[in-house]
Structure formats: C-alpha cells, structure tokens
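Coordinates as given in target21.txt (compact mmCIF, C-alpha atoms):
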```
# COMPACT_ATOMS: atom_id res chain seq x y z
CA GLN U 1 -8.58 -17.45 16.78
CA SER U 2 -10.97 -18.64 19.47
CA TYR U 3 -12.29 -16.16 22.01
CA ARG U 4 -10.39 -17.81 24.88
CA TYR U 5 -7.10 -17.73 22.96
CA LEU U 6 -7.41 -14.12 21.82
CA ARG U 7 -8.58 -12.93 25.24
CA CYS U 8 -5.58 -14.62 26.88
CA TRP U 9 -3.22 -13.11 24.30
CA TRP U 10 -4.69 -9.64 24.73
CA HIS U 11 -4.45 -9.82 28.52
CA HIS U 12 -0.73 -10.59 28.48
CA LEU U 13 0.57 -9.17 25.20
CA GLY U 14 -1.88 -6.48 24.08
CA GLY U 15 0.45 -3.75 25.34
CA GLU U 16 -0.11 -0.37 23.71
CA ARG U 17 -2.28 -1.81 20.95
CA GLU U 18 -5.89 -0.76 20.50
CA LEU U 19 -8.70 -3.20 19.76
CA PHE U 20 -10.35 -2.79 16.37
CA ILE U 21 -13.00 -5.53 16.16
CA VAL U 22 -15.68 -5.37 13.48
CA THR U 23 -18.83 -7.48 13.80
CA PHE U 24 -21.43 -8.24 11.14
CA ARG U 25 -25.07 -8.65 12.17
CA VAL U 26 -28.25 -9.71 10.42
CA ASN U 27 -31.44 -8.91 12.36
CA GLY U 28 -29.31 -8.47 15.48
CA VAL U 29 -27.58 -11.84 15.12
CA VAL U 30 -23.78 -11.87 14.69
CA VAL U 31 -22.88 -13.62 11.41
CA GLY U 32 -19.22 -12.61 11.18
CA ILE U 33 -16.27 -11.12 13.03
CA ALA U 34 -13.14 -9.35 11.82
CA PRO U 35 -10.81 -9.43 14.87
CA MET U 36 -8.20 -6.71 14.40
CA GLN U 37 -6.02 -4.34 16.35
CA ILE U 38 -4.14 -1.08 15.82
CA ARG U 39 -0.47 -1.18 16.73
CA LEU U 40 1.34 2.07 17.39
CA TRP U 41 4.82 2.46 15.90
CA HIS U 42 7.36 5.15 16.70
CA LYS U 43 10.14 5.55 14.16
CA TYR U 44 12.39 8.54 13.51
CA GLY U 45 10.24 10.56 15.87
CA LEU U 46 7.08 9.83 13.86
CA ARG U 47 4.02 8.02 15.13
CA SER U 48 2.34 5.46 12.86
CA ARG U 49 -0.80 3.39 13.37
CA GLU U 50 -0.83 -0.02 11.71
CA LEU U 51 -4.04 -2.03 11.39
CA GLN U 52 -3.41 -5.77 11.82
CA PHE U 53 -5.12 -9.00 12.71
CA LEU U 54 -5.58 -9.36 16.45
CA ALA U 55 -2.58 -11.21 17.96
CA HIS U 56 -0.55 -10.59 14.82
CA GLY U 57 2.94 -12.06 14.99
CA VAL U 58 4.48 -15.32 16.12
CA GLU U 59 1.46 -16.20 18.31
CA MET U 60 -1.07 -16.10 15.45
CA ASP U 61 -0.71 -18.39 12.45
CA ARG U 62 -2.85 -17.96 9.32
CA PRO U 63 -5.36 -15.46 10.72
CA VAL U 64 -8.65 -15.06 8.86
CA PHE U 65 -11.75 -12.93 8.89
CA MET U 66 -14.36 -15.20 10.49
CA LEU U 67 -17.24 -14.87 8.05
CA PRO U 68 -19.13 -18.17 7.93
CA GLU U 69 -22.26 -16.57 6.46
CA GLN U 70 -22.57 -14.28 3.44
CA GLU U 71 -18.77 -14.12 3.15
CA ALA U 72 -18.61 -12.19 -0.13
CA LEU U 73 -20.99 -9.49 1.12
CA CYS U 74 -19.24 -9.19 4.48
CA ARG U 75 -15.85 -8.85 2.77
CA GLU U 76 -17.16 -6.06 0.57
CA ILE U 77 -18.67 -4.23 3.54
CA LEU U 78 -15.47 -4.66 5.56
CA ALA U 79 -13.24 -3.23 2.82
CA ARG U 80 -15.61 -0.31 2.36
CA PHE U 81 -15.80 0.29 6.12
CA LEU U 82 -12.01 0.25 6.60
CA ALA U 83 -11.54 2.68 3.72
CA ALA U 84 -14.13 5.01 5.25
CA ARG U 85 -12.35 4.82 8.63
CA ARG U 86 -8.92 5.56 7.17
CA PHE U 87 -8.49 8.45 9.60
CA GLU U 88 -8.02 5.83 12.35
CA TRP U 89 -5.04 4.04 10.75
CA ASP U 90 -2.02 4.82 8.56
CA SER U 91 -1.23 1.41 7.08
CA ILE U 92 -2.67 -2.09 6.97
CA LEU U 93 -0.79 -5.35 7.40
CA LEU U 94 -2.79 -8.50 6.72
CA ALA U 95 -0.26 -11.27 7.17
CA GLU U 96 -0.27 -14.73 5.56
CA GLN U 97 -3.13 -14.07 3.16
CA THR U 98 -3.07 -16.01 -0.10
CA ASP U 99 -6.68 -15.51 -1.18
CA LEU U 100 -6.30 -13.58 -4.43
CA GLY U 101 -9.93 -12.46 -4.31
CA LEU U 102 -9.46 -10.87 -0.89
CA ILE U 103 -6.23 -9.20 -1.96
CA ALA U 104 -7.83 -7.79 -5.12
CA LEU U 105 -10.82 -6.50 -3.16
CA PHE U 106 -8.70 -4.65 -0.60
CA ASN U 107 -6.38 -3.26 -3.27
CA ARG U 108 -9.40 -1.89 -5.12
CA TYR U 109 -10.78 -0.06 -2.10
CA MET U 110 -7.44 1.18 -0.76
CA LYS U 111 -5.94 2.25 -4.09
CA GLY U 112 -7.08 5.85 -3.96
CA ILE U 113 -6.07 6.52 -0.36
CA ILE U 114 -3.18 9.00 -0.32
CA SER U 115 -0.32 8.45 2.14
CA ARG U 116 -1.75 5.11 3.19
CA SER U 117 -0.36 1.74 2.28
CA LEU U 118 -1.66 -1.80 2.20
CA PHE U 119 0.74 -4.67 2.74
CA ILE U 120 -0.31 -8.24 1.98
CA ASP U 121 2.29 -10.75 3.12
CA ASP U 122 1.80 -14.13 1.46
CA LEU U 123 4.46 -15.91 3.51
CA VAL U 124 2.62 -18.88 4.97
CA SER U 125 4.29 -20.96 7.66
CA ALA U 126 4.84 -24.62 6.88
CA THR U 127 2.76 -27.29 8.59
CA LEU U 128 3.42 -30.91 9.41
CA ASP U 129 0.41 -33.20 9.12
CA ILE U 130 0.95 -36.47 10.99
CA SER U 131 -1.73 -39.15 10.91
CA GLY U 132 -1.00 -42.26 12.94
CA SER U 133 2.28 -43.07 14.65
CA TRP U 134 5.68 -41.44 14.15
CA SER U 135 6.94 -44.68 12.57
CA THR U 136 4.10 -44.61 10.06
CA TYR U 137 4.92 -41.02 9.21
CA LEU U 138 8.60 -41.76 8.67
CA ALA U 139 7.73 -44.69 6.42
CA SER U 140 5.78 -42.29 4.19
CA ARG U 141 8.76 -39.95 3.75
CA SER U 142 11.65 -40.19 1.32
CA GLN U 143 14.91 -41.94 2.04
CA LYS U 144 16.69 -38.59 1.85
CA PHE U 145 14.40 -37.17 4.54
CA ARG U 146 14.97 -40.12 6.88
CA LYS U 147 18.72 -39.96 6.28
CA GLY U 148 18.73 -36.28 7.23
CA LEU U 149 16.92 -37.02 10.50
CA ARG U 150 19.41 -39.75 11.37
CA ALA U 151 22.31 -37.39 10.67
CA SER U 152 20.79 -34.76 12.95
CA ARG U 153 20.21 -37.34 15.66
CA ASN U 154 23.84 -38.51 15.45
CA LYS U 155 25.10 -34.92 15.79
CA LEU U 156 23.01 -34.44 18.91
CA GLN U 157 24.24 -37.70 20.41
CA GLU U 158 27.82 -36.52 19.97
CA ARG U 159 27.08 -33.75 22.47
CA GLY U 160 25.64 -36.06 25.12
CA ALA U 161 22.81 -38.42 25.90
CA LEU U 162 19.79 -37.95 23.63
CA VAL U 163 16.46 -38.54 25.37
CA TYR U 164 13.10 -38.96 23.63
CA ARG U 165 9.99 -38.11 25.61
CA HIS U 166 6.42 -38.74 24.62
CA TYR U 167 3.64 -37.05 26.56
CA LYS U 168 0.11 -38.39 26.34
CA GLY U 169 -2.65 -35.87 26.73
CA VAL U 170 -2.65 -32.19 27.54
CA SER U 171 -2.34 -32.62 31.32
CA GLU U 172 1.07 -34.32 31.02
CA ALA U 173 2.32 -31.78 28.48
CA VAL U 174 1.38 -28.84 30.71
CA GLY U 175 3.74 -30.08 33.38
CA ARG U 176 6.60 -30.20 30.91
CA LEU U 177 6.32 -26.58 29.77
CA ASP U 178 9.46 -25.73 31.72
CA ASP U 179 11.37 -28.45 29.86
CA HIS U 180 10.26 -27.03 26.54
CA MET U 181 11.29 -23.50 27.46
CA ALA U 182 14.66 -24.72 28.71
CA VAL U 183 15.35 -26.40 25.36
CA GLU U 184 14.28 -23.30 23.44
CA HIS U 185 16.60 -21.08 25.47
CA LYS U 186 19.51 -23.24 24.32
CA SER U 187 18.46 -23.11 20.66
CA TRP U 188 18.67 -20.54 17.86
CA LYS U 189 15.23 -19.25 18.81
CA ARG U 190 16.58 -17.32 21.78
CA SER U 191 18.95 -15.21 19.65
CA ARG U 192 16.08 -14.36 17.31
CA HIS U 193 13.73 -13.55 20.19
CA ILE U 194 10.99 -15.96 19.12
CA CYS U 195 11.12 -18.51 21.95
CA MET U 196 8.10 -18.95 24.19
CA GLY U 197 9.75 -17.41 27.26
CA ARG U 198 11.49 -14.49 25.55
CA THR U 199 9.78 -12.00 27.89
CA PRO U 200 7.95 -12.42 31.21
CA GLN U 201 4.73 -11.46 29.42
CA HIS U 202 5.18 -14.20 26.83
CA GLU U 203 5.94 -16.78 29.50
CA HIS U 204 2.80 -15.83 31.45
CA PHE U 205 0.76 -16.02 28.24
CA TYR U 206 1.89 -19.55 27.37
CA ARG U 207 1.45 -20.78 30.94
CA GLU U 208 -2.11 -19.49 31.12
CA LEU U 209 -2.79 -20.86 27.63
CA ALA U 210 -1.58 -24.31 28.71
CA GLU U 211 -3.86 -24.16 31.73
CA LEU U 212 -6.83 -23.19 29.55
CA PHE U 213 -6.31 -26.17 27.26
CA ASN U 214 -5.98 -28.44 30.28
CA ARG U 215 -9.43 -27.56 31.65
```
Could you spell out this file's structure in structure tokens?
Amino acid sequence: QSYRYLRCWWHHLGGERELFIVTFRVNGVVVGIAPMQIRLWHKYGLRSRELQFLAHGVEMDRPVFMLPEQEALCREILARFLAARRFEWDSILLAEQTDLGLIALFNRYMKGIISRSLFIDDLVSATLDISGSWSTYLASRSQKFRKGLRASRNKLQERGALVYRHYKGVSEAVGRLDDHMAVEHKSWKRSRHICMGRTPQHEHFYRELAELFNR
C-alpha cells in the first residue's frame, strides 16, 4: 500500500472509481491514512456506490488502514466519519479483514443505517514464507508435499522439456516479464481473467510497476 504502488495502480486501473482517502492529523501532522475508493456498480438498471480499500481486488492483498499512531482513536473516528457520510456510499466492502475488534466496531456504527450494508470478507490469501534456499525449504516440508511436487513435475515433463529459471535481482526479473505473462496466458488464470496481462490496462500497470521496483 505504498504511495508509489497505489499511484501507479490508480493511473492505470482507477477507471470510473472515485478516490475516498481519509487522513488523520494531530497539530497538522498526518498520523494515519485510510486509503479508500468508491466503485460504481450498475446492475438491473440500478446504480450502486461501493466503498472499498483503494486498489481493491487481485492487485491488493491484505489491505489495512494505516494508523501507526493512536490506532484505537483513529478507528473510532473513521467509523463515525463513514457513518456520517453515508449519503456518499451505498455499501462497504472491506476485504480480507480478520481483526474482530475492527469488525465489531464497524458493525456497531453501521447497524442502524437503513438500506446500507457492510460486508466483511475474511478470506485471506495464502502466503509462502521461504527463508534460505529452495532445497532448504523442501527439506522442511512433509514427504507428502515433496511427492506431490515431483508428481506435478513429471506431468509437465510429459508435455515437453521442463526448464527451470532463476533470476537474481529485480533488474533481471523485469526483463522476463514477457515470459511470465506468456506462461500465465497458457494457464487456468486466463480463463478466470486474473492473469497479469488480462487487459491492456493491467499489462501497462505491471510493466510500470516492474520499472518502479527496478529504480
């Protein structure tokens, strides 16, 4: 959720969304930011405005309200502020939130709002934490896990030569973005429209993002 990342995302994929960014200040100094957006939906001829985290969707994993100082107070103020501004949105979607305190707070403030709805999605994407080499990681996994990887590798080899590539550093990886997109287009991701190059806008976003990380 860095500024550079969100600015790049907004430039390429903001579309018809509207920015809804809340800042918290103490004596003029910013102590917290709630980066959000309003997405317009059109369904059955009706227009709906959904308040979400900025860059909500595949491109944003585990979004949070960035409140490093006075978090409890800022959360309370934010919930109160959003409830008071309910004329600007019709529903709220705060994805991948598992903080029960945050959920309870928002439910308390939004409970009495008629014809509005609050959706908290606690589906958190899995992560893979690798410390050290790939061989070290495999040695730490179960025999069943390693057997499954070997079976998958053998299936791939049946379809042709299997090549492993290891890129060191961001600069090398940037040059191989086309290779990555080509593999994705041949996978299940293309049919589900979640591959990096699924639209020209998404492709431009990832290319600029790669260049940013390479600077």
**OP:** List the neighbours of Leu6 (chain U) out to 12 Å using only C-alpha atoms; skip same-chain residues closer than 6 positions along the sequence, and give me the result as a list in words.
**Re:** His12, Leu13, Gly14, Leu19, Ile21, Pro35, Met36, Gln37, Phe53, Leu54, Ala55, His56, Glu59, Met60, Pro63, Phe205, Glu208, Leu209 and Leu212 of chain U
Original post:
Closest to Glu172 (chain U) among U:Ala210, U:Asn154, U:Ser142, U:His185, using all atoms listed in the file?
Top reply: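 Closest to Glu172 (chain U) of all the choices is U:Ala210.
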Original post:
For Leu67 (chain U), which residue among U:Ser91, U:Ser48, U:Ser187, U:Thr23 is the nearest when counting all atoms listed in the file?
Top reply: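 Closest candidate: U:Thr23.
With distances taken over all atoms listed in the file, U:Phe106 is the one residue among U:Glu158, U:Arg198, U:Phe106, U:Gln1 lying closest to Phe81 (chain U).
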Distance cut-off 7 Å, centre (-0.9, -3.0, 21.2) in file coordinates, counting only C-alpha atoms: which residues qualify? Return them as a short mmCIF file (atom, residue, chain, number, x, y, z; two decimals) with C-alpha atoms, in the frame of the given file.
```
data_model
loop_
_atom_site.label_atom_id
_atom_site.label_comp_id
_atom_site.auth_asym_id
_atom_site.auth_seq_id
_atom_site.Cartn_x
_atom_site.Cartn_y
_atom_site.Cartn_z
CA GLY U 14 -1.88 -6.48 24.08
CA GLY U 15 0.45 -3.75 25.34
CA GLU U 16 -0.11 -0.37 23.71
CA ARG U 17 -2.28 -1.81 20.95
CA GLU U 18 -5.89 -0.76 20.50
CA ILE U 38 -4.14 -1.08 15.82
CA ARG U 39 -0.47 -1.18 16.73
CA LEU U 40 1.34 2.07 17.39
#
```
Subject >> d(CA of Val163 (chain U), CA of His180 (chain U)) in Å >> reply: 13.1 Å
